[in-house]
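*Asks:* I'm passing along model.json; it holds JSON, C-alpha atoms and all ligand atoms.
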```json
[["chain", "number", "residue", "atom", "x", "y", "z"],
["A", 1, "MET", "CA", 45.67, -4.22, 38.04],
["A", 2, "ALA", "CA", 42.28, -4.70, 39.76],
["A", 3, "ARG", "CA", 42.21, -3.33, 43.27],
["A", 4, "LYS", "CA", 39.37, -4.23, 45.64],
["A", 5, "LYS", "CA", 37.82, -0.99, 46.81],
["A", 6, "LEU", "CA", 37.64, -0.20, 50.50],
["A", 7, "ILE", "CA", 34.76, 1.88, 51.88],
["A", 8, "ALA", "CA", 35.47, 3.09, 55.42],
["A", 9, "ALA", "CA", 33.31, 5.00, 57.89],
["A", 10, "ASN", "CA", 34.99, 7.53, 60.15],
["A", 11, "TRP", "CA", 32.56, 8.18, 62.98],
["A", 12, "LYS", "CA", 34.81, 10.75, 64.66],
["A", 13, "MET", "CA", 33.49, 11.61, 68.17],
["A", 14, "TYR", "CA", 29.97, 10.33, 67.59],
["A", 15, "LYS", "CA", 28.00, 7.34, 68.91],
["A", 16, "THR", "CA", 27.95, 5.37, 72.17],
["A", 17, "PRO", "CA", 28.30, 1.57, 72.37],
["A", 18, "ASP", "CA", 24.49, 1.24, 72.28],
["A", 19, "GLU", "CA", 24.32, 3.47, 69.21],
["A", 20, "THR", "CA", 27.11, 1.43, 67.61],
["A", 21, "ARG", "CA", 25.14, -1.78, 68.15],
["A", 22, "ALA", "CA", 21.97, -0.15, 66.81],
["A", 23, "PHE", "CA", 23.80, 1.09, 63.70],
["A", 24, "LEU", "CA", 25.19, -2.36, 62.94],
["A", 25, "ARG", "CA", 21.83, -4.04, 63.60],
["A", 26, "ASP", "CA", 20.33, -1.85, 60.86],
["A", 27, "PHE", "CA", 23.37, -1.66, 58.56],
["A", 28, "LEU", "CA", 24.49, -5.30, 58.32],
["A", 29, "PRO", "CA", 21.33, -6.58, 56.58],
["A", 30, "LEU", "CA", 21.61, -3.75, 54.05],
["A", 31, "VAL", "CA", 25.08, -4.87, 52.95],
["A", 32, "ALA", "CA", 24.80, -8.62, 53.61],
["A", 33, "GLY", "CA", 26.51, -10.57, 50.84],
["A", 34, "HIS", "CA", 28.22, -7.47, 49.46],
["A", 35, "ASP", "CA", 31.72, -8.62, 48.61],
["A", 36, "ARG", "CA", 32.64, -6.30, 45.76],
["A", 37, "ASP", "CA", 34.20, -3.92, 48.30],
["A", 38, "GLU", "CA", 35.83, -4.20, 51.71],
["A", 39, "ILE", "CA", 33.70, -2.42, 54.35],
["A", 40, "VAL", "CA", 35.12, -0.95, 57.57],
["A", 41, "VAL", "CA", 33.58, 1.14, 60.34],
["A", 42, "CYS", "CA", 35.84, 3.18, 62.62],
["A", 43, "PRO", "CA", 34.05, 4.19, 65.81],
["A", 44, "SER", "CA", 35.54, 5.81, 68.91],
["A", 45, "TYR", "CA", 37.62, 3.70, 71.31],
["A", 46, "VAL", "CA", 34.79, 3.01, 73.77],
["A", 47, "ASP", "CA", 32.70, 1.54, 70.95],
["A", 48, "LEU", "CA", 35.31, -0.79, 69.48],
["A", 49, "ALA", "CA", 34.49, -3.90, 71.52],
["A", 50, "ALA", "CA", 30.73, -3.42, 70.97],
["A", 51, "GLY", "CA", 31.36, -2.92, 67.25],
["A", 52, "VAL", "CA", 33.53, -6.03, 66.91],
["A", 53, "GLU", "CA", 30.96, -8.11, 68.81],
["A", 54, "ALA", "CA", 28.03, -6.80, 66.75],
["A", 55, "ALA", "CA", 29.86, -7.26, 63.43],
["A", 56, "LYS", "CA", 31.16, -10.75, 64.23],
["A", 57, "GLY", "CA", 30.68, -13.16, 61.31],
["A", 58, "SER", "CA", 29.68, -10.35, 58.94],
["A", 59, "ASN", "CA", 31.45, -8.73, 55.98],
["A", 60, "VAL", "CA", 32.15, -5.57, 58.01],
["A", 61, "ALA", "CA", 35.46, -4.99, 59.81],
["A", 62, "VAL", "CA", 36.11, -2.58, 62.66],
["A", 63, "GLY", "CA", 38.88, 0.01, 62.73],
["A", 64, "ALA", "CA", 40.13, 2.57, 65.25],
["A", 65, "GLN", "CA", 40.73, 6.27, 64.64],
["A", 66, "ASN", "CA", 44.29, 6.45, 65.93],
["A", 67, "VAL", "CA", 47.10, 4.37, 67.45],
["A", 68, "HIS", "CA", 50.20, 5.17, 69.50],
["A", 69, "TRP", "CA", 53.59, 3.93, 68.34],
["A", 70, "LYS", "CA", 54.59, 2.27, 71.65],
["A", 71, "SER", "CA", 53.07, -1.00, 72.83],
["A", 72, "GLU", "CA", 52.53, 0.33, 76.33],
["A", 73, "GLY", "CA", 53.86, 2.99, 78.67],
["A", 74, "ALA", "CA", 53.14, 6.21, 80.52],
["A", 75, "PHE", "CA", 51.19, 7.90, 77.71],
["A", 76, "THR", "CA", 47.94, 9.05, 79.29],
["A", 77, "GLY", "CA", 45.03, 9.11, 76.88],
["A", 78, "GLU", "CA", 46.75, 7.02, 74.20],
["A", 79, "ILE", "CA", 46.01, 3.52, 72.91],
["A", 80, "SER", "CA", 48.39, 0.95, 71.44],
["A", 81, "ALA", "CA", 48.27, -1.49, 68.53],
["A", 82, "PRO", "CA", 48.32, -4.58, 70.80],
["A", 83, "MET", "CA", 45.35, -3.11, 72.71],
["A", 84, "LEU", "CA", 43.41, -2.60, 69.48],
["A", 85, "LEU", "CA", 44.25, -6.10, 68.26],
["A", 86, "SER", "CA", 43.20, -7.58, 71.60],
["A", 87, "VAL", "CA", 39.58, -6.51, 71.02],
["A", 88, "GLY", "CA", 39.48, -7.63, 67.39],
["A", 89, "VAL", "CA", 40.21, -4.36, 65.60],
["A", 90, "THR", "CA", 41.81, -4.86, 62.17],
["A", 91, "HIS", "CA", 42.16, -1.35, 60.70],
["A", 92, "VAL", "CA", 43.27, 2.04, 61.95],
["A", 93, "ILE", "CA", 43.03, 5.59, 60.61],
["A", 94, "ILE", "CA", 46.30, 7.49, 60.93],
["A", 95, "GLY", "CA", 47.07, 11.18, 60.42],
["A", 96, "HIS", "CA", 43.50, 12.39, 59.91],
["A", 97, "SER", "CA", 43.47, 16.12, 59.22],
["A", 98, "GLU", "CA", 41.51, 16.75, 62.43],
["A", 99, "ARG", "CA", 44.38, 15.13, 64.36],
["A", 100, "ARG", "CA", 46.87, 17.25, 62.42],
["A", 101, "GLN", "CA", 44.80, 20.44, 62.84],
["A", 102, "TYR", "CA", 43.67, 20.22, 66.48],
["A", 103, "PHE", "CA", 45.94, 17.72, 68.24],
["A", 104, "GLY", "CA", 49.46, 18.46, 67.07],
["A", 105, "GLU", "CA", 49.85, 15.49, 64.74],
["A", 106, "THR", "CA", 52.91, 15.96, 62.53],
["A", 107, "ASP", "CA", 54.33, 14.16, 59.51],
["A", 108, "ASP", "CA", 56.86, 12.58, 61.89],
["A", 109, "THR", "CA", 54.31, 11.23, 64.35],
["A", 110, "VAL", "CA", 52.28, 9.93, 61.41],
["A", 111, "ASN", "CA", 55.39, 8.01, 60.34],
["A", 112, "LEU", "CA", 55.83, 6.55, 63.85],
["A", 113, "ARG", "CA", 52.18, 5.50, 64.06],
["A", 114, "LEU", "CA", 52.28, 4.03, 60.57],
["A", 115, "LYS", "CA", 55.36, 1.95, 61.38],
["A", 116, "ALA", "CA", 53.74, 0.66, 64.59],
["A", 117, "ALA", "CA", 50.47, -0.21, 62.84],
["A", 118, "LEU", "CA", 52.24, -2.07, 60.02],
["A", 119, "GLU", "CA", 54.55, -3.84, 62.45],
["A", 120, "SER", "CA", 51.56, -5.09, 64.45],
["A", 121, "GLY", "CA", 49.59, -6.36, 61.44],
["A", 122, "LEU", "CA", 46.87, -3.68, 61.53],
["A", 123, "THR", "CA", 45.79, -2.23, 58.18],
["A", 124, "PRO", "CA", 46.56, 1.49, 58.36],
["A", 125, "ILE", "CA", 44.47, 4.05, 56.47],
["A", 126, "CYS", "CA", 46.95, 6.91, 56.32],
["A", 127, "CYS", "CA", 45.41, 10.31, 55.54],
["A", 128, "VAL", "CA", 47.05, 13.02, 53.48],
["A", 129, "GLY", "CA", 45.64, 16.18, 51.95],
["A", 130, "GLU", "CA", 46.10, 19.89, 51.45],
["A", 131, "VAL", "CA", 44.31, 22.80, 53.14],
["A", 132, "LEU", "CA", 42.49, 25.41, 51.06],
["A", 133, "GLU", "CA", 45.32, 27.98, 51.17],
["A", 134, "GLU", "CA", 47.77, 25.38, 49.89],
["A", 135, "ARG", "CA", 45.46, 24.45, 47.02],
["A", 136, "GLU", "CA", 44.88, 28.10, 46.13],
["A", 137, "ALA", "CA", 48.63, 28.74, 46.18],
["A", 138, "GLY", "CA", 49.21, 25.86, 43.74],
["A", 139, "LEU", "CA", 51.00, 23.82, 46.41],
["A", 140, "THR", "CA", 48.78, 20.71, 46.44],
["A", 141, "ASP", "CA", 51.26, 18.40, 44.73],
["A", 142, "ASP", "CA", 54.16, 19.61, 46.91],
["A", 143, "VAL", "CA", 52.15, 19.08, 50.09],
["A", 144, "LEU", "CA", 51.07, 15.58, 49.05],
["A", 145, "ARG", "CA", 54.63, 14.68, 48.09],
["A", 146, "ARG", "CA", 56.00, 15.94, 51.41],
["A", 147, "GLN", "CA", 53.33, 14.16, 53.47],
["A", 148, "CYS", "CA", 53.94, 10.89, 51.60],
["A", 149, "VAL", "CA", 57.74, 11.04, 51.72],
["A", 150, "ARG", "CA", 57.69, 11.65, 55.46],
["A", 151, "ALA", "CA", 54.95, 9.13, 56.20],
["A", 152, "PHE", "CA", 56.80, 6.42, 54.22],
["A", 153, "HIS", "CA", 60.22, 7.21, 55.74],
["A", 154, "ALA", "CA", 62.25, 4.09, 56.69],
["A", 155, "ILE", "CA", 59.44, 1.66, 55.84],
["A", 156, "SER", "CA", 60.21, -1.19, 53.43],
["A", 157, "ALA", "CA", 57.85, -2.33, 50.66],
["A", 158, "LYS", "CA", 57.57, -5.68, 52.44],
["A", 159, "LYS", "CA", 56.52, -4.05, 55.72],
["A", 160, "ALA", "CA", 54.16, -1.65, 53.92],
["A", 161, "ALA", "CA", 52.17, -4.42, 52.23],
["A", 162, "LYS", "CA", 48.86, -3.58, 53.97],
["A", 163, "LEU", "CA", 49.17, 0.19, 53.57],
["A", 164, "VAL", "CA", 46.09, 2.10, 52.43],
["A", 165, "ILE", "CA", 46.19, 5.86, 51.74],
["A", 166, "ALA", "CA", 43.24, 8.23, 51.98],
["A", 167, "TYR", "CA", 43.45, 11.46, 50.01],
["A", 168, "GLU", "CA", 41.36, 13.92, 51.97],
["A", 169, "PRO", "CA", 41.52, 17.53, 50.79],
["A", 170, "VAL", "CA", 40.94, 19.37, 54.08],
["A", 171, "TRP", "CA", 38.70, 21.97, 52.42],
["A", 172, "ALA", "CA", 36.30, 19.16, 51.43],
["A", 173, "ILE", "CA", 35.95, 17.55, 54.87],
["A", 174, "GLY", "CA", 32.59, 18.20, 56.49],
["A", 175, "THR", "CA", 32.01, 21.22, 54.24],
["A", 176, "GLY", "CA", 29.74, 19.73, 51.60],
["A", 177, "LYS", "CA", 32.37, 20.71, 48.99],
["A", 178, "THR", "CA", 33.56, 17.61, 47.16],
["A", 179, "ALA", "CA", 36.63, 17.46, 44.97],
["A", 180, "THR", "CA", 35.59, 16.73, 41.40],
["A", 181, "PRO", "CA", 36.34, 13.13, 40.44],
["A", 182, "GLU", "CA", 39.01, 14.41, 38.03],
["A", 183, "LEU", "CA", 40.70, 16.61, 40.63],
["A", 184, "ALA", "CA", 40.73, 13.74, 43.13],
["A", 185, "ALA", "CA", 42.13, 11.38, 40.48],
["A", 186, "ASP", "CA", 44.97, 13.86, 39.75],
["A", 187, "ALA", "CA", 45.90, 13.99, 43.43],
["A", 188, "HIS", "CA", 45.77, 10.20, 43.64],
["A", 189, "ALA", "CA", 48.19, 9.97, 40.73],
["A", 190, "VAL", "CA", 50.66, 12.19, 42.63],
["A", 191, "ILE", "CA", 50.37, 9.93, 45.68],
["A", 192, "ARG", "CA", 50.81, 6.80, 43.57],
["A", 193, "ARG", "CA", 53.98, 8.26, 42.03],
["A", 194, "GLU", "CA", 55.36, 8.85, 45.53],
["A", 195, "ALA", "CA", 54.49, 5.29, 46.50],
["A", 196, "LYS", "CA", 56.33, 4.09, 43.39],
["A", 197, "GLU", "CA", 59.40, 6.12, 44.42],
["A", 198, "ALA", "CA", 59.32, 4.70, 47.93],
["A", 199, "PHE", "CA", 58.19, 1.12, 47.38],
["A", 200, "GLY", "CA", 58.52, 0.30, 43.68],
["A", 201, "GLU", "CA", 56.25, -0.03, 40.69],
["A", 202, "GLU", "CA", 54.51, -3.27, 41.60],
["A", 203, "PHE", "CA", 53.65, -1.99, 45.06],
["A", 204, "ALA", "CA", 52.32, 1.29, 43.68],
["A", 205, "ALA", "CA", 50.12, -0.56, 41.19],
["A", 206, "ARG", "CA", 48.54, -2.51, 44.07],
["A", 207, "LEU", "CA", 48.24, 0.40, 46.52],
["A", 208, "ARG", "CA", 44.68, 1.41, 47.37],
["A", 209, "ILE", "CA", 44.11, 5.15, 47.52],
["A", 210, "LEU", "CA", 40.75, 6.20, 48.95],
["A", 211, "TYR", "CA", 39.08, 9.56, 48.48],
["A", 212, "GLY", "CA", 37.57, 11.36, 51.48],
["A", 213, "GLY", "CA", 35.74, 14.68, 51.72],
["A", 214, "SER", "CA", 31.94, 15.05, 51.71],
["A", 215, "VAL", "CA", 31.30, 11.70, 50.00],
["A", 216, "LYS", "CA", 27.53, 11.15, 49.88],
["A", 217, "PRO", "CA", 25.16, 8.64, 48.24],
["A", 218, "GLU", "CA", 24.63, 11.22, 45.47],
["A", 219, "ASN", "CA", 28.29, 11.64, 44.48],
["A", 220, "ALA", "CA", 29.74, 8.22, 45.35],
["A", 221, "ALA", "CA", 29.20, 6.59, 41.94],
["A", 222, "ALA", "CA", 30.93, 9.38, 40.00],
["A", 223, "LEU", "CA", 33.93, 9.31, 42.35],
["A", 224, "MET", "CA", 34.19, 5.51, 42.37],
["A", 225, "ALA", "CA", 34.05, 5.43, 38.56],
["A", 226, "GLN", "CA", 37.53, 6.97, 38.44],
["A", 227, "GLU", "CA", 40.15, 4.31, 37.90],
["A", 228, "GLU", "CA", 42.50, 6.07, 40.34],
["A", 229, "ILE", "CA", 39.95, 6.05, 43.19],
["A", 230, "ASP", "CA", 40.02, 2.81, 45.17],
["A", 231, "GLY", "CA", 37.32, 3.52, 47.70],
["A", 232, "ALA", "CA", 36.18, 6.15, 50.15],
["A", 233, "LEU", "CA", 36.70, 7.39, 53.68],
["A", 234, "VAL", "CA", 33.33, 8.76, 54.74],
["A", 235, "GLY", "CA", 32.61, 11.00, 57.73],
["A", 236, "GLY", "CA", 29.18, 12.63, 58.13],
["A", 237, "ALA", "CA", 27.33, 10.44, 55.64],
["A", 238, "SER", "CA", 28.51, 7.26, 57.37],
["A", 239, "LEU", "CA", 26.65, 7.95, 60.62],
["A", 240, "ASP", "CA", 23.31, 6.83, 59.21],
["A", 241, "PRO", "CA", 23.04, 3.14, 58.23],
["A", 242, "LYS", "CA", 20.91, 3.77, 55.13],
["A", 243, "SER", "CA", 23.15, 6.54, 53.86],
["A", 244, "PHE", "CA", 26.37, 4.56, 54.44],
["A", 245, "ALA", "CA", 24.81, 1.46, 52.82],
["A", 246, "ALA", "CA", 23.84, 3.57, 49.80],
["A", 247, "ILE", "CA", 27.47, 4.68, 49.47],
["A", 248, "VAL", "CA", 28.71, 1.10, 49.79],
["A", 249, "GLU", "CA", 26.23, 0.03, 47.12],
["A", 250, "TYR", "CA", 26.96, 3.09, 44.89],
["A", 301, "LIG", "C1", 36.46, 12.42, 57.24],
["A", 301, "LIG", "O1", 36.30, 12.84, 58.37],
["A", 301, "LIG", "O2", 37.37, 11.61, 57.02],
["A", 301, "LIG", "C2", 35.56, 12.88, 56.18],
["A", 301, "LIG", "C3", 35.84, 12.60, 54.95],
["A", 301, "LIG", "O3", 34.43, 13.60, 56.58],
["A", 301, "LIG", "P1", 33.18, 14.04, 55.66],
["A", 301, "LIG", "O4", 32.79, 12.84, 54.84],
["A", 301, "LIG", "O5", 32.12, 14.43, 56.65],
["A", 301, "LIG", "O6", 33.65, 15.17, 54.81]]
```
Please rewrite the model in this file as structure tokens.
*Replies:*
Amino acid sequence: MARKKLIAANWKMYKTPDETRAFLRDFLPLVAGHDRDEIVVCPSYVDLAAGVEAAKGSNVAVGAQNVHWKSEGAFTGEISAPMLLSVGVTHVIIGHSERRQYFGETDDTVNLRLKAALESGLTPICCVGEVLEEREAGLTDDVLRRQCVRAFHAISAKKAAKLVIAYEPVWAIGTGKTATPELAADAHAVIRREAKEAFGEEFAARLRILYGGSVKPENAAALMAQEEIDGALVGGASLDPKSFAAIVEY
């Protein structure tokens, strides 16, 4: 089954609203008319409105980097799905390893965020992936299975329709070490099997699983050539318009 690839930029804690506008001014002409893949940029919260405005009418969508599971409330520092939707955001990254590593994100809070995103109509890009010690101990498949089972808990196939998964081996994020296309494809197959268990065969065949971890213009084509790899979540190399456009155009 043909799956439209999704190439997403995770800008982490980089760029101001002015820098967001400048990026899109330079980037949009480079990818104008590109409809082979879906393109998303995920800037920080303060840049979202500027990003949506600058990308209006283009083939580039804007996503956030996190979402809380409640619509509103006394949750200082958090942001809700209705708030994201109100400024025109369509996608959201959930469970990024930096959230898990530095900000106490757990499999259970990933599940809550995922449910809220799906409920609201946002397209969630849910991140899973093993750390180096887990890979070296031969635990990669177990970790991926656990993260998927808990992320998918109590979500129906109907509700999960927009779900996107990003396989991001933590040892490959920001390190310059990329998983080989074959190794990434093996991990994707594990994730797809879990999706089949949770949501059924047809759903699993349609599910887009992105690869993330030091994707660059030089390695994008080899990764994207794998049938199991349905796009990329790109950190460092997405901050420069030319470099991100080269990845989109792999
Ligand atoms: C990421 O942060 O999701 C990521 C994949 O980063 P990088 O491309 O810099 O490894």
*Asks:* Just the residues within 10 Å of Asp141 (chain A), please, counting all atoms listed in the file, with nothing from its chain fewer than 5 positions along; format it as a list in words.
*Replies:*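 Once the adjacent positions are removed, what remains is Gly129, Glu130, Glu134, Arg135, Arg146, Gln147, Asp186, Ala187, His188, Ala189, Val190 and Ile191 of chain A.
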*Asks:* Take the selection from the previous step and output its residues with C-alpha atoms, as a short mmCIF file (atom, residue, chain, number, x, y, z; two decimals), keeping the file's coordinate frame.
*Replies:*
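So the final result, stored in again_14.cif, reads:
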```cif
data_model
loop_
_atom_site.label_atom_id
_atom_site.label_comp_id
_atom_site.auth_asym_id
_atom_site.auth_seq_id
_atom_site.Cartn_x
_atom_site.Cartn_y
_atom_site.Cartn_z
CA GLY A 129 45.64 16.18 51.95
CA GLU A 130 46.10 19.89 51.45
CA GLU A 134 47.77 25.38 49.89
CA ARG A 135 45.46 24.45 47.02
CA ARG A 146 56.00 15.94 51.41
CA GLN A 147 53.33 14.16 53.47
CA ASP A 186 44.97 13.86 39.75
CA ALA A 187 45.90 13.99 43.43
CA HIS A 188 45.77 10.20 43.64
CA ALA A 189 48.19 9.97 40.73
CA VAL A 190 50.66 12.19 42.63
CA ILE A 191 50.37 9.93 45.68
#
```
*Asks:* Using only C-alpha atoms and all ligand atoms, what does the table of chain A residues within 10 Å of ligand LIG 301 (chain A) look like, with each row giving the shortest atom pair and its distance in Å to one decimal, sorted by chain and ascending number, as a Markdown table?
*Replies:*
```
| residue | atom | partner | partner_atom | distance |
| --- | --- | --- | --- | --- |
| A:Ala8 | CA | A:LIG301 | O2 | 8.9 |
| A:Ala9 | CA | A:LIG301 | O2 | 7.8 |
| A:Asn10 | CA | A:LIG301 | O2 | 5.7 |
| A:Trp11 | CA | A:LIG301 | O1 | 7.5 |
| A:Lys12 | CA | A:LIG301 | O1 | 6.8 |
| A:Gln65 | CA | A:LIG301 | O2 | 9.9 |
| A:Ile93 | CA | A:LIG301 | O2 | 9.0 |
| A:His96 | CA | A:LIG301 | O2 | 6.8 |
| A:Ser97 | CA | A:LIG301 | O2 | 7.9 |
| A:Glu98 | CA | A:LIG301 | O1 | 7.7 |
| A:Cys127 | CA | A:LIG301 | O2 | 8.3 |
| A:Ala166 | CA | A:LIG301 | O2 | 8.4 |
| A:Tyr167 | CA | A:LIG301 | C3 | 9.1 |
| A:Glu168 | CA | A:LIG301 | C3 | 6.4 |
| A:Pro169 | CA | A:LIG301 | C3 | 8.6 |
| A:Val170 | CA | A:LIG301 | O6 | 8.4 |
| A:Trp171 | CA | A:LIG301 | O6 | 8.8 |
| A:Ala172 | CA | A:LIG301 | O6 | 5.9 |
| A:Ile173 | CA | A:LIG301 | O6 | 3.3 |
| A:Gly174 | CA | A:LIG301 | O6 | 3.6 |
| A:Thr175 | CA | A:LIG301 | O6 | 6.3 |
| A:Gly176 | CA | A:LIG301 | O6 | 6.8 |
| A:Lys177 | CA | A:LIG301 | O6 | 8.1 |
| A:Thr178 | CA | A:LIG301 | O6 | 8.0 |
| A:Tyr211 | CA | A:LIG301 | C3 | 7.8 |
| A:Gly212 | CA | A:LIG301 | C3 | 4.1 |
| A:Gly213 | CA | A:LIG301 | O6 | 3.8 |
| A:Ser214 | CA | A:LIG301 | O6 | 3.5 |
| A:Val215 | CA | A:LIG301 | O4 | 5.2 |
| A:Lys216 | CA | A:LIG301 | O4 | 7.4 |
| A:Ala232 | CA | A:LIG301 | C3 | 8.0 |
| A:Leu233 | CA | A:LIG301 | O2 | 5.4 |
| A:Val234 | CA | A:LIG301 | O4 | 4.1 |
| A:Gly235 | CA | A:LIG301 | O3 | 3.4 |
| A:Gly236 | CA | A:LIG301 | O5 | 3.8 |
| A:Ala237 | CA | A:LIG301 | O4 | 6.0 |
| A:Ser238 | CA | A:LIG301 | O4 | 7.5 |
| A:Leu239 | CA | A:LIG301 | O5 | 9.4 |
```
*Asks:* When distances are computed from only C-alpha atoms, which of A:Ala225, A:Tyr45, A:Lys162, A:Ala179 shows the smallest separation from Arg208 (chain A)?
*Replies:*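 Closest to Arg208 (chain A), using only C-alpha atoms: A:Lys162.
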*Asks:* Figure out the distance between CA of Val41 (chain A) and CA of Ala151 (chain A), please, to one decimal in Å.
*Replies:*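 Rounded to one decimal, the two atoms are 23.2 Å apart.
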*Asks:* With 4 Å of padding per side, what axis-aligned box (centre and edge lengths, Å, one decimal) covers all the listed atoms of region 48-51 of chain A? Give it as JSON.
*Replies:*
```
{"center_x": 33.0, "center_y": -2.3, "center_z": 69.4, "size_x": 12.6, "size_y": 11.1, "size_z": 12.3}
```
*Asks:* Suppose you want the space between CA of Leu114 (chain A) and CA of Ile165 (chain A); what is it in Å?
*Replies:* 10.9 Å
*Asks:* In the coordinates of the file, take the point (41.1, -3.0, 45.1) and a cut-off of 8 Å; then, counting all atoms listed in the file, name each qualifying protein, DNA or RNA residue as a ChimeraX atom specification.
*Replies:* /A:2-6,37,206,208,230-231
*Asks:* Calculate how many Å separate CA of Glu228 (chain A) from CA of Pro241 (chain A), rounding to one decimal.
*Replies:*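 Spanning CA of Glu228 (chain A) to CA of Pro241 (chain A) is a straight-line distance of 26.6 Å.
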*Asks:* So which residues touch Ala22 (chain A) within 12 Å, counting only C-alpha atoms, skipping near sequence neighbours fewer than 2 positions away, as a PyMOL selection string?
*Replies:* chain A and resi 15-20+24-28+47+50-51+54-55+239-241
*Asks:* So which residues touch region 192-194 of chain A within 8 Å, counting only C-alpha atoms, skipping near sequence neighbours fewer than 3 positions away, as a list of chain:residue names?
*Replies:*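 With the cut-off at 8 Å, the set is A:Arg145, A:Cys148, A:Val149, A:His188, A:Ala189, A:Glu197, A:Ala198, A:Ala204, A:Ala205, A:Leu207, A:Ile209.
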*Asks:* Take the residues just selected and output them with C-alpha atoms as a PDB file, in the coordinates of the input.
*Replies:*
```
ATOM      1  CA  ARG A 145      54.630  14.680  48.090  1.00  0.00           C
ATOM      2  CA  CYS A 148      53.940  10.890  51.600  1.00  0.00           C
ATOM      3  CA  VAL A 149      57.740  11.040  51.720  1.00  0.00           C
ATOM      4  CA  HIS A 188      45.770  10.200  43.640  1.00  0.00           C
ATOM      5  CA  ALA A 189      48.190   9.970  40.730  1.00  0.00           C
ATOM      6  CA  GLU A 197      59.400   6.120  44.420  1.00  0.00           C
ATOM      7  CA  ALA A 198      59.320   4.700  47.930  1.00  0.00           C
ATOM      8  CA  ALA A 204      52.320   1.290  43.680  1.00  0.00           C
ATOM      9  CA  ALA A 205      50.120  -0.560  41.190  1.00  0.00           C
ATOM     10  CA  LEU A 207      48.240   0.400  46.520  1.00  0.00           C
ATOM     11  CA  ILE A 209      44.110   5.150  47.520  1.00  0.00           C
TER      12      ILE A 209
END
```
*Asks:* Please, which residues are within 12 Å of (41.4, -6.2, 70.8) by the file's coordinates, counting all atoms listed in the file, and could they come as a list in words?
*Replies:*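 Residues lying no farther than 12 Å from the given point: Tyr45, Val46, Asp47, Leu48, Ala49, Ala50, Gly51, Val52, Glu53, Val62, Gly63, Ala64, Ile79, Ser80, Ala81, Pro82, Met83, Leu84, Leu85, Ser86, Val87, Gly88, Val89, Thr90, His91 and Leu122 of chain A.
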*Asks:* Within 8 Å of Thr106 (chain A), counting only C-alpha atoms, which residues qualify if same-chain residues fewer than 4 places away don't, as a CSV table (one decimal) with C-alpha atoms, in the frame of the given file?
*Replies:*
```csv
chain,number,residue,atom,x,y,z
A,95,GLY,CA,47.1,11.2,60.4
A,100,ARG,CA,46.9,17.2,62.4
A,110,VAL,CA,52.3,9.9,61.4
```
*Asks:* Using all atoms listed in the file, find the one residue out of A:Ala220, A:Val143, A:Ala195, A:Val67 that sits nearest to Ala157 (chain A).
*Replies:*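 Selected residue with least distance to Ala157 (chain A): A:Ala195.
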*Asks:* Taking only C-alpha atoms into account, name the residue in A:Thr140, A:Asp107, A:Ala32, A:Ala245 that is nearest to Gly57 (chain A).
*Replies:* A:Ala32
*Asks:* Pick out the closest residue to Pro124 (chain A) from this set: A:Ala222, A:Val92, A:Cys42, A:Ala154. Count all atoms listed in the file.
*Replies:*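 Of all the options, A:Val92 lies closest to Pro124 (chain A).
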*Asks:* Kindly indicate which residue among A:Val131, A:Ile229, A:Ser58, A:Arg99 lies nearest to Leu183 (chain A), using only C-alpha atoms for the distances.
*Replies:*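 For Leu183 (chain A), the nearest of the candidates is A:Ile229.
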*Asks:* Please determine, counting all atoms listed in the file, which residue among A:Ala185, A:Ala161, A:Ala221, A:Leu30 has the shortest atom-to-atom distance to Gly200 (chain A).
*Replies:*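 Selected residue with least distance to Gly200 (chain A): A:Ala161.
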